[in-house]
file target15.txt (compact mmCIF, C-alpha atoms)
# COMPACT_ATOMS: atom_id res chain seq x y z
CA MET A 1152 -20.10 25.54 14.42
CA GLU A 1153 -18.84 23.15 11.74
CA CYS A 1154 -21.05 21.92 8.97
CA VAL A 1155 -20.87 19.14 6.41
CA LEU A 1156 -23.41 18.37 3.69
CA GLY A 1157 -23.75 15.36 1.43
CA ILE A 1158 -25.99 14.33 -1.48
CA SER A 1159 -25.94 10.95 -3.21
CA CYS A 1160 -27.47 10.51 -6.65
CA ASN A 1161 -27.59 7.81 -9.29
CA ASP A 1162 -24.07 8.37 -10.64
CA PHE A 1163 -22.13 10.29 -8.00
CA VAL A 1164 -21.93 11.47 -4.40
CA ILE A 1165 -21.18 15.10 -3.64
CA LEU A 1166 -19.85 16.33 -0.28
CA ALA A 1167 -19.48 19.88 0.98
CA SER A 1168 -17.74 20.99 4.15
CA ASP A 1169 -17.07 24.39 5.65
CA MET A 1170 -13.46 25.54 5.68
CA THR A 1171 -13.33 27.46 8.94
CA ASN A 1172 -10.95 26.35 11.65
CA ALA A 1173 -11.60 28.19 14.90
CA HIS A 1174 -10.70 27.86 18.57
CA SER A 1175 -13.20 29.57 20.87
CA ILE A 1176 -13.50 33.16 19.57
CA LEU A 1177 -10.42 33.07 17.34
CA VAL A 1178 -10.53 31.99 13.68
CA ASN A 1179 -7.29 30.16 12.79
CA LYS A 1180 -7.85 29.71 9.07
CA GLN A 1181 -10.62 29.95 6.50
CA ASP A 1182 -9.23 27.41 4.02
CA GLU A 1183 -9.02 24.15 5.95
CA ASP A 1184 -9.65 20.89 4.15
CA LYS A 1185 -11.94 18.73 6.30
CA MET A 1186 -12.28 15.95 3.77
CA PHE A 1187 -10.09 12.87 3.97
CA LYS A 1188 -9.46 10.60 1.04
CA LEU A 1189 -9.57 7.08 2.49
CA SER A 1190 -8.97 5.43 -0.86
CA ASP A 1191 -9.52 6.17 -4.55
CA ARG A 1192 -13.25 5.56 -4.11
CA LEU A 1193 -13.87 6.58 -0.48
CA LEU A 1194 -14.17 10.11 0.86
CA MET A 1195 -14.90 11.22 4.41
CA ALA A 1196 -15.91 14.70 5.60
CA VAL A 1197 -15.26 14.96 9.35
CA THR A 1198 -16.37 17.40 12.05
CA GLY A 1199 -15.94 17.31 15.82
CA GLU A 1200 -13.26 17.65 18.45
CA SER A 1201 -10.13 19.16 17.02
CA GLY A 1202 -7.40 16.51 16.94
CA ASP A 1203 -9.83 13.60 17.27
CA THR A 1204 -10.99 14.33 13.73
CA THR A 1205 -7.55 14.00 12.16
CA GLN A 1206 -6.49 11.15 14.41
CA PHE A 1207 -9.56 9.07 13.68
CA ALA A 1208 -9.70 9.83 9.98
CA GLU A 1209 -6.02 9.04 9.40
CA TYR A 1210 -6.26 5.84 11.46
CA ILE A 1211 -9.18 4.62 9.34
CA GLU A 1212 -7.40 5.68 6.16
CA LYS A 1213 -4.24 3.71 6.96
CA ASN A 1214 -6.25 0.64 7.99
CA ILE A 1215 -8.10 0.73 4.70
CA GLN A 1216 -4.77 0.94 2.86
CA LEU A 1217 -3.48 -2.01 4.93
CA TYR A 1218 -6.48 -4.07 3.88
CA LYS A 1219 -5.68 -3.23 0.25
CA MET A 1220 -2.04 -4.31 0.67
CA ARG A 1221 -2.93 -7.52 2.47
CA ASN A 1222 -5.71 -8.67 0.18
CA GLY A 1223 -4.93 -7.12 -3.17
CA TYR A 1224 -8.31 -5.37 -3.49
CA GLU A 1225 -10.02 -2.49 -1.70
CA LEU A 1226 -12.78 -2.64 0.88
CA SER A 1227 -16.18 -1.95 -0.62
CA PRO A 1228 -18.04 1.17 0.66
CA PRO A 1229 -20.47 -0.81 2.87
CA ALA A 1230 -17.57 -2.82 4.33
CA ALA A 1231 -15.50 0.30 4.93
CA ALA A 1232 -18.46 2.08 6.53
CA ASN A 1233 -19.14 -0.82 8.86
CA PHE A 1234 -15.46 -1.11 9.72
CA THR A 1235 -15.38 2.60 10.58
CA ARG A 1236 -18.54 2.34 12.64
CA ARG A 1237 -17.13 -0.66 14.50
CA ASN A 1238 -14.00 1.31 15.42
CA LEU A 1239 -16.13 4.22 16.62
CA ALA A 1240 -18.35 1.92 18.68
CA ASP A 1241 -15.35 0.22 20.29
CA SER A 1242 -13.84 3.56 21.24
CA LEU A 1243 -17.13 4.81 22.65
CA ARG A 1244 -16.93 2.75 25.82
CA SER A 1245 -13.21 3.17 26.26
CA ARG A 1246 -11.34 5.59 28.46
CA SER A 1247 -11.38 8.36 25.89
CA PRO A 1248 -13.91 8.13 23.08
CA TYR A 1249 -13.45 9.86 19.72
CA MET A 1250 -15.70 12.90 19.49
CA VAL A 1251 -16.29 12.94 15.72
CA ASN A 1252 -19.29 13.22 13.41
CA PHE A 1253 -18.88 12.56 9.75
CA LEU A 1254 -20.24 11.68 6.35
CA LEU A 1255 -18.66 8.83 4.41
CA ALA A 1256 -19.07 8.79 0.65
CA GLY A 1257 -18.17 5.75 -1.41
CA TYR A 1258 -18.44 4.44 -4.93
CA SER A 1259 -18.10 0.86 -6.12
CA GLU A 1260 -18.99 -0.87 -9.35
CA ARG A 1261 -21.24 -3.27 -7.52
CA THR A 1262 -23.18 -0.92 -5.24
CA GLY A 1263 -22.93 2.37 -7.11
CA PRO A 1264 -22.60 5.63 -5.12
CA GLU A 1265 -23.46 5.52 -1.40
CA LEU A 1266 -23.56 8.02 1.44
CA TYR A 1267 -23.31 7.07 5.13
CA TRP A 1268 -24.07 9.37 8.06
CA MET A 1269 -22.26 8.53 11.31
CA ASP A 1270 -22.12 10.34 14.62
CA TYR A 1271 -20.01 10.18 17.74
CA LEU A 1272 -22.31 7.58 19.34
CA ALA A 1273 -21.47 5.24 16.46
CA SER A 1274 -24.91 5.28 14.95
CA MET A 1275 -24.87 4.85 11.22
CA ILE A 1276 -27.43 5.26 8.46
CA LYS A 1277 -27.16 4.97 4.72
CA THR A 1278 -29.14 7.78 3.21
CA PRO A 1279 -29.57 9.74 -0.04
CA PHE A 1280 -28.68 13.07 1.61
CA ALA A 1281 -27.41 14.06 5.04
CA THR A 1282 -25.88 16.87 7.08
CA HIS A 1283 -24.01 17.50 10.33
CA GLY A 1284 -23.87 20.64 12.44
CA TYR A 1285 -26.13 23.62 13.11
CA GLY A 1286 -25.84 24.66 9.48
CA GLY A 1287 -27.10 21.22 8.59
CA MET A 1288 -30.37 21.87 10.36
CA PHE A 1289 -31.22 24.60 7.85
CA SER A 1290 -29.90 22.64 4.93
CA ILE A 1291 -31.71 19.35 5.44
CA ALA A 1292 -35.04 21.03 4.75
CA ILE A 1293 -33.73 22.49 1.49
CA MET A 1294 -32.47 19.08 0.43
CA ASP A 1295 -35.86 17.57 1.30
CA ARG A 1296 -37.50 20.07 -1.02
CA TYR A 1297 -35.19 19.78 -4.04
CA TYR A 1298 -33.61 16.30 -3.93
CA ARG A 1299 -34.19 13.85 -6.78
CA PRO A 1300 -32.16 10.68 -7.35
CA ASP A 1301 -31.54 11.61 -10.99
CA LEU A 1302 -29.92 15.00 -10.35
CA THR A 1303 -27.00 16.02 -12.52
CA GLU A 1304 -23.79 17.22 -10.95
CA GLU A 1305 -24.60 20.87 -11.71
CA GLU A 1306 -28.08 20.54 -10.17
CA ALA A 1307 -26.67 18.94 -7.02
CA TYR A 1308 -24.03 21.70 -6.81
CA ASP A 1309 -26.87 24.26 -7.09
CA ILE A 1310 -28.74 22.64 -4.21
CA LEU A 1311 -25.57 22.91 -2.13
CA LYS A 1312 -25.28 26.56 -3.10
CA LYS A 1313 -28.83 27.13 -1.90
CA CYS A 1314 -27.98 25.41 1.38
CA VAL A 1315 -24.85 27.49 1.87
CA ALA A 1316 -26.77 30.69 1.06
CA GLU A 1317 -29.29 29.83 3.79
CA ILE A 1318 -26.53 28.97 6.29
CA GLN A 1319 -24.77 32.24 5.61
CA LYS A 1320 -28.04 34.14 5.99
CA ARG A 1321 -29.39 32.51 9.15
CA LEU A 1322 -26.54 30.98 11.14
CA ILE A 1323 -25.09 33.32 13.73
CA ILE A 1324 -21.58 31.97 13.10
CA ASN A 1325 -19.88 33.16 9.94
CA LEU A 1326 -18.95 30.30 7.58
CA PRO A 1327 -17.80 32.07 4.42
CA ASN A 1328 -16.21 29.18 2.48
CA PHE A 1329 -17.45 25.71 1.65
CA GLN A 1330 -15.27 23.16 -0.08
CA VAL A 1331 -17.02 20.79 -2.51
CA LYS A 1332 -15.79 17.40 -3.74
CA VAL A 1333 -17.56 14.91 -5.94
CA LEU A 1334 -16.97 11.14 -6.05
CA ASP A 1335 -17.99 9.08 -9.06
CA LYS A 1336 -16.78 6.12 -11.07
CA ASN A 1337 -13.71 8.11 -12.14
CA GLY A 1338 -12.64 8.88 -8.60
CA ILE A 1339 -12.58 12.02 -6.51
CA ARG A 1340 -12.70 15.48 -8.03
CA ALA A 1341 -12.75 18.90 -6.39
CA LEU A 1342 -15.31 21.44 -7.59
CA ASN A 1343 -15.25 25.20 -7.10
CA VAL A 1344 -15.24 26.41 -3.50
CA ILE A 1345 -18.57 28.04 -2.63
CA LYS A 1346 -17.63 31.49 -1.30
CA SER A 1347 -19.95 34.07 0.19
CA GLN A 1348 -19.01 36.63 -2.53
CA ASN A 1349 -20.03 34.26 -5.33
CA LEU A 1350 -23.45 33.71 -3.82
CA THR A 1351 -24.64 37.30 -3.64
CA ALA A 1352 -24.03 37.64 -7.40
CA MET B 409 30.70 -33.34 16.99
CA GLY B 410 30.40 -30.73 19.70
CA SER B 411 27.62 -29.05 17.75
CA ALA B 412 25.19 -31.79 18.76
CA ARG B 413 25.00 -30.32 22.23
CA TYR B 414 24.81 -26.69 21.13
CA ASP B 415 22.25 -26.70 18.41
CA ARG B 416 19.07 -27.25 20.39
CA ALA B 417 18.38 -24.05 22.25
CA ILE B 418 18.70 -21.08 19.99
CA THR B 419 20.10 -18.75 22.61
CA VAL B 420 23.14 -20.87 23.26
CA PHE B 421 26.45 -20.14 21.58
CA SER B 422 28.67 -23.06 20.71
CA PRO B 423 32.25 -23.02 22.04
CA ASP B 424 33.58 -21.79 18.72
CA GLY B 425 31.15 -18.91 18.56
CA HIS B 426 28.43 -20.26 16.28
CA LEU B 427 24.67 -19.95 16.64
CA PHE B 428 23.81 -23.25 15.08
CA GLN B 429 20.08 -22.67 14.79
CA VAL B 430 20.74 -19.58 12.71
CA GLU B 431 23.11 -21.50 10.48
CA TYR B 432 20.56 -24.27 10.05
CA ALA B 433 18.02 -21.61 9.12
CA GLN B 434 20.42 -20.46 6.43
CA GLU B 435 20.52 -24.04 5.19
CA ALA B 436 16.72 -23.97 4.97
CA VAL B 437 17.03 -20.88 2.80
CA LYS B 438 19.41 -22.69 0.48
CA LYS B 439 16.70 -25.27 -0.12
CA GLY B 440 14.16 -22.71 -1.26
CA SER B 441 13.56 -21.81 -4.89
CA THR B 442 15.80 -19.16 -6.36
CA ALA B 443 15.02 -15.46 -6.22
CA VAL B 444 17.05 -12.81 -8.00
CA GLY B 445 17.02 -9.02 -7.83
CA VAL B 446 18.65 -6.44 -10.09
CA ARG B 447 18.78 -2.69 -9.53
CA GLY B 448 18.80 -0.50 -12.63
CA LYS B 449 18.85 3.27 -12.81
CA ASN B 450 15.13 3.68 -13.47
CA LEU B 451 13.72 0.33 -12.62
CA VAL B 452 14.29 -2.49 -10.13
CA ILE B 453 13.33 -6.02 -10.96
CA LEU B 454 12.71 -9.10 -8.82
CA GLY B 455 12.49 -12.53 -10.37
CA VAL B 456 11.63 -15.86 -8.81
CA GLU B 457 11.65 -19.44 -9.90
CA LYS B 458 8.10 -20.70 -9.82
CA LYS B 459 7.88 -24.26 -8.63
CA SER B 460 5.80 -26.32 -11.01
CA VAL B 461 2.39 -27.18 -9.57
CA ALA B 462 0.83 -30.60 -9.33
CA LYS B 463 -1.74 -31.48 -11.99
CA LEU B 464 -4.76 -31.08 -9.75
CA GLN B 465 -3.48 -27.97 -8.00
CA GLU B 466 -4.84 -24.51 -8.94
CA GLU B 467 -2.08 -22.33 -10.21
CA ARG B 468 -1.84 -19.09 -8.29
CA THR B 469 -0.20 -16.36 -10.24
CA VAL B 470 1.47 -14.46 -7.40
CA ARG B 471 2.86 -16.17 -4.41
CA LYS B 472 6.51 -15.47 -3.89
CA ILE B 473 6.60 -11.82 -4.88
CA CYS B 474 4.60 -9.62 -2.53
CA LEU B 475 3.79 -5.96 -2.40
CA LEU B 476 4.56 -4.44 1.00
CA ASP B 477 3.47 -0.93 0.05
CA ASP B 478 2.82 0.96 -3.18
CA HIS B 479 6.55 1.47 -3.67
CA VAL B 480 8.14 -1.56 -1.99
CA VAL B 481 8.12 -5.10 -3.33
CA MET B 482 9.62 -8.20 -1.73
CA ALA B 483 10.67 -11.65 -2.91
CA PHE B 484 12.02 -14.36 -0.66
CA ALA B 485 13.60 -17.80 -0.56
CA GLY B 486 12.89 -20.35 2.15
CA LEU B 487 9.89 -21.29 4.28
CA THR B 488 6.81 -19.71 2.71
CA ALA B 489 4.81 -19.85 5.94
CA ASP B 490 7.49 -17.89 7.81
CA ALA B 491 7.46 -15.33 5.02
CA ARG B 492 3.72 -14.81 5.40
CA ILE B 493 4.19 -13.69 9.00
CA LEU B 494 7.01 -11.31 8.16
CA ILE B 495 5.15 -9.85 5.21
CA ASN B 496 2.11 -9.18 7.38
CA ARG B 497 4.19 -7.41 10.02
CA ALA B 498 6.04 -5.42 7.36
CA ARG B 499 2.78 -4.31 5.73
CA ILE B 500 1.45 -3.10 9.07
CA GLU B 501 4.71 -1.25 9.72
CA CYS B 502 4.54 0.47 6.31
CA GLN B 503 1.11 1.90 7.13
CA SER B 504 2.01 2.66 10.72
CA HIS B 505 5.02 4.64 9.55
CA LYS B 506 2.83 6.65 7.18
CA LEU B 507 0.37 7.27 10.01
CA THR B 508 2.97 8.63 12.40
CA VAL B 509 5.26 10.61 10.09
CA GLU B 510 3.11 11.16 6.96
CA ASP B 511 5.93 9.87 4.73
CA PRO B 512 6.16 6.50 3.00
CA VAL B 513 8.89 4.20 4.36
CA THR B 514 12.31 4.28 2.80
CA LEU B 515 13.66 0.92 1.65
CA GLU B 516 16.38 1.08 4.27
CA TYR B 517 13.84 1.66 7.06
CA ILE B 518 11.63 -1.26 6.20
CA THR B 519 14.65 -3.51 5.63
CA ARG B 520 16.00 -2.52 9.01
CA TYR B 521 12.60 -3.25 10.54
CA ILE B 522 12.38 -6.72 9.00
CA ALA B 523 16.00 -7.47 9.92
CA GLY B 524 15.32 -6.30 13.47
CA LEU B 525 12.33 -8.64 13.67
CA LYS B 526 14.46 -11.54 12.47
CA GLN B 527 17.21 -10.76 14.95
CA ARG B 528 14.77 -10.69 17.85
CA TYR B 529 13.83 -14.26 17.07
CA THR B 530 17.49 -15.31 17.24
CA GLN B 531 17.76 -14.06 20.78
CA SER B 532 14.63 -15.13 22.59
CA ASN B 533 13.71 -18.29 24.38
CA GLY B 534 11.64 -20.98 22.85
CA ARG B 535 11.45 -19.45 19.37
CA ARG B 536 13.29 -20.44 16.28
CA PRO B 537 14.67 -18.04 13.66
CA PHE B 538 12.74 -17.24 10.49
CA GLY B 539 13.88 -19.58 7.73
CA ILE B 540 13.81 -17.03 4.95
CA SER B 541 16.08 -14.63 3.16
CA CYS B 542 14.33 -11.59 1.69
CA LEU B 543 15.08 -9.42 -1.29
CA LEU B 544 13.46 -5.99 -0.94
CA ALA B 545 13.30 -3.64 -3.89
CA GLY B 546 11.75 -0.31 -4.67
CA PHE B 547 12.17 3.45 -4.88
CA ASP B 548 12.44 5.84 -1.96
CA PHE B 549 10.24 8.91 -2.16
CA ASP B 550 13.25 10.96 -3.26
CA GLY B 551 13.43 8.77 -6.38
CA THR B 552 16.53 6.67 -5.64
CA PRO B 553 16.23 2.93 -6.39
CA HIS B 554 17.38 0.39 -3.81
CA LEU B 555 17.78 -3.36 -3.48
CA TYR B 556 18.37 -4.90 -0.06
CA GLN B 557 18.85 -8.44 1.14
CA THR B 558 18.18 -9.73 4.66
CA ASP B 559 19.10 -13.11 6.05
CA PRO B 560 17.90 -15.29 8.97
CA SER B 561 20.54 -13.92 11.32
CA GLY B 562 19.05 -10.45 11.02
CA THR B 563 21.83 -8.83 9.01
CA TYR B 564 21.03 -6.80 5.94
CA HIS B 565 23.06 -5.33 3.11
CA GLU B 566 22.39 -3.23 0.06
CA TRP B 567 23.19 -4.76 -3.31
CA LYS B 568 23.33 -3.72 -6.95
CA ALA B 569 22.21 -7.22 -7.88
CA ASN B 570 21.90 -10.40 -5.86
CA ALA B 571 20.30 -13.80 -5.66
CA THR B 572 19.17 -16.05 -2.84
CA GLY B 573 17.88 -19.59 -2.47
CA ARG B 574 18.90 -22.65 -4.39
CA ASN B 575 22.01 -22.18 -6.53
CA ALA B 576 22.34 -18.60 -5.36
CA LYS B 577 26.10 -18.82 -5.66
CA THR B 578 25.95 -19.69 -9.36
CA VAL B 579 23.53 -16.88 -10.07
CA ARG B 580 25.55 -14.38 -8.07
CA GLU B 581 28.72 -15.29 -9.94
CA PHE B 582 26.88 -14.81 -13.21
CA LEU B 583 25.64 -11.42 -12.05
CA GLU B 584 29.12 -10.37 -10.94
CA LYS B 585 30.48 -11.21 -14.36
CA ASN B 586 27.72 -9.53 -16.33
CA TYR B 587 26.51 -6.57 -14.30
CA ASN B 588 27.51 -3.38 -16.07
CA LEU B 589 26.68 -0.04 -14.45
CA GLU B 590 26.23 1.95 -17.70
CA GLU B 591 24.04 -0.73 -19.23
CA MET B 592 21.69 -0.54 -16.25
CA GLU B 593 20.28 2.72 -17.59
CA ASP B 594 18.55 0.70 -20.30
CA GLU B 595 15.38 -0.98 -19.01
CA GLU B 596 15.52 -3.79 -21.53
CA LYS B 597 19.05 -4.72 -20.48
CA VAL B 598 18.08 -4.84 -16.81
CA ILE B 599 15.18 -7.18 -17.54
CA LYS B 600 17.36 -9.35 -19.77
CA LEU B 601 20.07 -9.58 -17.13
CA ALA B 602 17.59 -10.76 -14.51
CA ILE B 603 16.09 -13.32 -16.88
CA ARG B 604 19.48 -14.59 -18.01
CA ALA B 605 20.60 -14.93 -14.42
CA LEU B 606 17.51 -16.96 -13.53
CA LEU B 607 17.76 -19.10 -16.63
CA GLU B 608 21.21 -20.21 -15.48
CA VAL B 609 19.55 -22.29 -12.80
CA VAL B 610 15.89 -22.70 -13.75
CA GLN B 611 15.31 -25.72 -15.90
CA SER B 612 12.38 -25.26 -18.17
CA GLY B 613 12.37 -21.66 -19.27
CA SER B 614 9.65 -19.03 -19.31
CA LYS B 615 6.90 -21.18 -17.81
CA ASN B 616 8.72 -21.33 -14.51
CA LEU B 617 9.68 -17.68 -14.16
CA GLU B 618 7.84 -14.90 -12.41
CA LEU B 619 9.05 -11.32 -12.69
CA ALA B 620 7.97 -8.13 -10.98
CA ILE B 621 9.05 -4.72 -12.22
CA MET B 622 9.06 -1.59 -10.11
CA ARG B 623 9.40 1.74 -11.92
CA ARG B 624 9.86 5.11 -10.24
CA GLY B 625 6.48 6.54 -9.24
CA GLN B 626 4.48 3.70 -10.75
CA PRO B 627 2.73 0.72 -9.20
CA MET B 628 4.40 -2.67 -9.37
CA LYS B 629 3.91 -4.58 -12.59
CA MET B 630 4.02 -8.35 -12.88
CA LEU B 631 5.24 -9.35 -16.33
CA GLU B 632 2.73 -11.36 -18.31
CA VAL B 633 3.63 -14.82 -19.52
CA ASP B 634 3.90 -13.75 -23.16
CA GLU B 635 6.14 -10.81 -22.27
CA ILE B 636 8.43 -13.14 -20.36
CA GLU B 637 8.45 -15.52 -23.31
CA LYS B 638 9.48 -12.70 -25.64
CA HIS B 639 12.39 -11.76 -23.40
CA VAL B 640 13.41 -15.37 -22.91
CA ALA B 641 13.42 -15.88 -26.68
CA ALA B 642 15.60 -12.79 -27.11
CA VAL B 643 17.96 -14.04 -24.39
CA GLU B 644 18.21 -17.48 -25.99
CA LYS B 645 19.05 -15.84 -29.32
CA GLU B 646 21.79 -13.74 -27.69
CA LYS B 647 23.22 -16.85 -26.09
CA GLU B 648 23.29 -18.65 -29.42
CA GLU B 649 24.96 -15.69 -31.09
CA GLU B 650 27.61 -15.60 -28.38
CA ALA B 651 28.19 -19.33 -28.73
CA GLU B 652 28.57 -18.87 -32.50
CA LYS B 653 31.11 -16.09 -32.04
CA LYS B 654 33.11 -18.27 -29.67
CA LYS B 655 33.12 -21.12 -32.19
CA GLN B 656 34.24 -18.83 -34.98
CA LYS B 657 37.08 -17.44 -32.86
CA LYS B 658 38.33 -20.97 -32.37

call {"tool": "encode", "arguments": {"input": "target15.txt", "output": "C-alpha cells"}}
result
Amino acid sequence: MECVLGISCNDFVILASDMTNAHSILVNKQDEDKMFKLSDRLLMAVTGESGDTTQFAEYIEKNIQLYKMRNGYELSPPAAANFTRRNLADSLRSRSPYMVNFLLAGYSERTGPELYWMDYLASMIKTPFATHGYGGMFSIAIMDRYYRPDLTEEEAYDILKKCVAEIQKRLIINLPNFQVKVLDKNGIRALNVIKSQNLTA
Amino acid sequence: MGSARYDRAITVFSPDGHLFQVEYAQEAVKKGSTAVGVRGKNLVILGVEKKSVAKLQEERTVRKICLLDDHVVMAFAGLTADARILINRARIECQSHKLTVEDPVTLEYITRYIAGLKQRYTQSNGRRPFGISCLLAGFDFDGTPHLYQTDPSGTYHEWKANATGRNAKTVREFLEKNYNLEEMEDEEKVIKLAIRALLEVVQSGSKNLELAIMRRGQPMKMLEVDEIEKHVAAVEKEKEEEAEKKKQKK
C-alpha cells in the first residue's frame, strides 16, 4: 500500500514517499508528509503501522536532538542509523514491537551522502538505492537499469518520475501523489511533488 | 548549639524550623564562582567568572554555561558535579516535553522541573540536597524573555537581573542601583551592565569572564575573548569618565 523510494549519489540523497493516508477502504488524505527530519542532515521516510510510524520516528528524532544537546555535536549518519536499528531490534522482542519500515538518508562531511534501508525485523543495509512497499517492487528494477553514482539532481528526479509512472500504471492501489525531498551538504530541500497529472504530460 | 543534633539527617527539622542541610547547601553555593544574569528586552545574557586554570591544565572554553535546549541556557554557582546531573536531567526533560506536546519548553516549565527535582532531594532519606543555584535564561516560543533563579531548597523566582555565588550580594546591589528598564532595550547596554556587574567582583578583567548571549529566535552565542575585551575596555573608560566627573564636582 505505502511506498518509499530512495537514491543516493555522489553529492546528495533523494527520497520520495507516497502521500496517501488510508484506513482499510477509506482514503483519509492525499497530502500526508511521511518524511521526518531527524536533524539538519538526517531524513527518514517511514511506512508501516499507523501510529507506530509517528511514534518511532519522533522518538528517534528527540533522542538524536538530546545527543546534540548533551555532546555539542550531531550524531553522524552511520551512528544515527545504527542507533535507530538498535532501538528497532530491542523493541522487536518486546511485548509490542514497532511495525515500521523505512529509509534513512544522511549527509556528513566525513562520509558524504548515505542511504540506509531498514525493515521491521531490524535488518539494515547501506545501499545506493532502495525501496519499500509493493510499489517498490516495480521501482527497484527501474533503478537497477538507470542508476549511476554520478547522477545530477534532475536526472535522479527523472528516475523517480519513471518509477512513479510505473507504479501508477501497474499497482492496483491508486497512489496519485509522491513527495520528494533531497538532502545534500546544504541541508534538506523539498522538490516538486510528483502528481499523476504531471506525468501524463 | 542545638543544630549539631539536627543537621545530620536531611529530613529532620530543627526545633526552630530550619532544615540545616539545605542551609549548608546554600553555603556551598556561596563558595562557588560568581554567575550573573541580566534580562533585556531583546536579549538575555548570562555571565560567569571563569576560575583561572593551572599551568598544565587544558583550558576548556565552556564549562559553567550550558545549553539545555536551543532556546534555554543555564549558568550555575556551586558544586559542578551536582550541576552535571541536573543539566542531564533537564536536557532529557526538554526533549521529552517536545516529544509529548510538540512544543518547546517554556522557561517557567523547565525551571519548575529543576526546582522540583531539587526539592525532592531535600525530602528523601539518605540523599543530600544539590549544592547549586541555577540561573536559567532564554525566550519562550511566544517571544518573551525570561530569567529565573533556583536555589538548593527548591524554590524559584523570576528576576530582571540577578547574581549567585561568591559575592552575589555585592553584585546584586550593583544591579539594583544600575538596572534601568528603558535602557534594557539597547543590546549594548545590557551587555555592558552584565560585564560591569561581574567586574565588581572578578579580579583580573576580561581573561576571567565568560559570557553567553541569547537572542530571540537565534542560537546561543558565546562571546569571543576579543569581543569581551572590547566591552571591558569600553566599561573601564566609562568608569574613568564617571570618576572624573565626580572629581570635578568636588

call {"tool": "interface_residues", "arguments": {"input": "target15.txt", "of": "chain B", "to": "chain A", "cutoff": "7 Å", "atoms": "all atoms listed in the file", "output": "number ranges by chain"}}
result
B: 475-477, 499-500, 503, 507

call {"tool": "write_last_selection", "arguments": {"input": "target15.txt", "atoms": "C-alpha atoms", "output": "compact mmCIF listing (two decimals), in the coordinates of the input"}}
result
# COMPACT_ATOMS: atom_id res chain seq x y z
CA LEU B 475 3.79 -5.96 -2.40
CA LEU B 476 4.56 -4.44 1.00
CA ASP B 477 3.47 -0.93 0.05
CA ARG B 499 2.78 -4.31 5.73
CA ILE B 500 1.45 -3.10 9.07
CA GLN B 503 1.11 1.90 7.13
CA LEU B 507 0.37 7.27 10.01

call {"tool": "closest_residue", "arguments": {"input": "target15.txt", "among": "A:Ile1323, A:Leu1189, A:Val1331, A:Met1269", "to": "Leu1156 in chain A", "atoms": "only C-alpha atoms"}}
result
A:Val1331

call {"tool": "residues_around", "arguments": {"input": "target15.txt", "residues": "Ile1176 in chain A", "least_positions_apart": "6", "cutoff": "12 Å", "atoms": "all atoms listed in the file", "output": "list in words"}}
result
Met1152, Ile1324 and Asn1325 of chain A

call {"tool": "closest_residue", "arguments": {"input": "target15.txt", "among": "A:Leu1334, A:Met1195, A:Met1294, A:Leu1326", "to": "Ile1165 in chain A", "atoms": "all atoms listed in the file"}}
result
A:Leu1334

call {"tool": "atom_distance", "arguments": {"input": "target15.txt", "atom1": "CA of Val444 in chain B", "atom2": "CA of Ala491 in chain B"}}
result
16.4 Å

call {"tool": "residues_around", "arguments": {"input": "target15.txt", "residues": "Gly1263 in chain A", "least_positions_apart": "6", "cutoff": "9 Å", "atoms": "only C-alpha atoms", "output": "mmCIF file with C-alpha atoms, in the frame of the given file"}}
result
data_model
loop_
_atom_site.group_PDB
_atom_site.id
_atom_site.type_symbol
_atom_site.label_atom_id
_atom_site.label_comp_id
_atom_site.auth_asym_id
_atom_site.auth_seq_id
_atom_site.Cartn_x
_atom_site.Cartn_y
_atom_site.Cartn_z
ATOM 1 C CA ASN A 1161 -27.590 7.810 -9.290
ATOM 2 C CA ASP A 1162 -24.070 8.370 -10.640
ATOM 3 C CA PHE A 1163 -22.130 10.290 -8.000
ATOM 4 C CA GLY A 1257 -18.170 5.750 -1.410
ATOM 5 C CA ASP A 1335 -17.990 9.080 -9.060
ATOM 6 C CA LYS A 1336 -16.780 6.120 -11.070
#

call {"tool": "residues_around", "arguments": {"input": "target15.txt", "residues": "Tyr1298 in chain A", "least_positions_apart": "6", "cutoff": "9 Å", "atoms": "all atoms listed in the file", "output": "ChimeraX atom specification"}}
result
/A:1158,1160,1279-1280,1307,1310

call {"tool": "closest_residue", "arguments": {"input": "target15.txt", "among": "A:Glu1225, A:Asp1184, A:Glu1153, A:Glu1265", "to": "Thr1278 in chain A", "atoms": "only C-alpha atoms"}}
result
A:Glu1265

call {"tool": "closest_residue", "arguments": {"input": "target15.txt", "among": "B:Gly524, B:Pro512, B:Pro560, B:Pro537", "to": "Thr572 in chain B", "atoms": "all atoms listed in the file"}}
result
B:Pro560

call {"tool": "closest_atom_pairs", "arguments": {"input": "target15.txt", "of": "range 452-528 of chain B", "to": "range 541-547 of chain B", "cutoff": "12 Å", "atoms": "only C-alpha atoms", "output": "CSV"}}
result
residue,atom,partner,partner_atom,distance
B:Val452,CA,B:Gly546,CA,6.4
B:Ile453,CA,B:Ala545,CA,7.5
B:Leu454,CA,B:Ala545,CA,7.4
B:Gly455,CA,B:Leu543,CA,9.9
B:Val456,CA,B:Leu543,CA,10.5
B:Lys472,CA,B:Cys542,CA,10.4
B:Ile473,CA,B:Leu543,CA,9.5
B:Cys474,CA,B:Leu544,CA,9.7
B:Leu475,CA,B:Leu544,CA,9.8
B:Leu476,CA,B:Leu544,CA,9.2
B:Asp477,CA,B:Gly546,CA,9.6
B:Asp478,CA,B:Gly546,CA,9.1
B:His479,CA,B:Gly546,CA,5.6
B:Val480,CA,B:Gly546,CA,4.7
B:Val481,CA,B:Ala545,CA,5.4
B:Met482,CA,B:Leu544,CA,4.5
B:Ala483,CA,B:Leu543,CA,5.2
B:Phe484,CA,B:Cys542,CA,4.3
B:Ala485,CA,B:Ser541,CA,5.5
B:Gly486,CA,B:Ser541,CA,6.6
B:Leu487,CA,B:Ser541,CA,9.2
B:Thr488,CA,B:Ser541,CA,10.6
B:Asp490,CA,B:Ser541,CA,10.3
B:Ala491,CA,B:Cys542,CA,8.5
B:Arg492,CA,B:Cys542,CA,11.7
B:Leu494,CA,B:Cys542,CA,9.8
B:Ile495,CA,B:Cys542,CA,10.0
B:Ala498,CA,B:Leu544,CA,11.1
B:Pro512,CA,B:Phe547,CA,10.4
B:Val513,CA,B:Phe547,CA,9.8
B:Thr514,CA,B:Phe547,CA,7.7
B:Leu515,CA,B:Gly546,CA,6.7
B:Glu516,CA,B:Leu544,CA,9.3
B:Tyr517,CA,B:Leu544,CA,11.1
B:Ile518,CA,B:Leu544,CA,8.8
B:Thr519,CA,B:Leu544,CA,7.1
B:Arg520,CA,B:Leu544,CA,10.8
B:Tyr521,CA,B:Leu544,CA,11.8
B:Ile522,CA,B:Cys542,CA,9.0
B:Ala523,CA,B:Cys542,CA,9.4
B:Lys526,CA,B:Ser541,CA,9.9
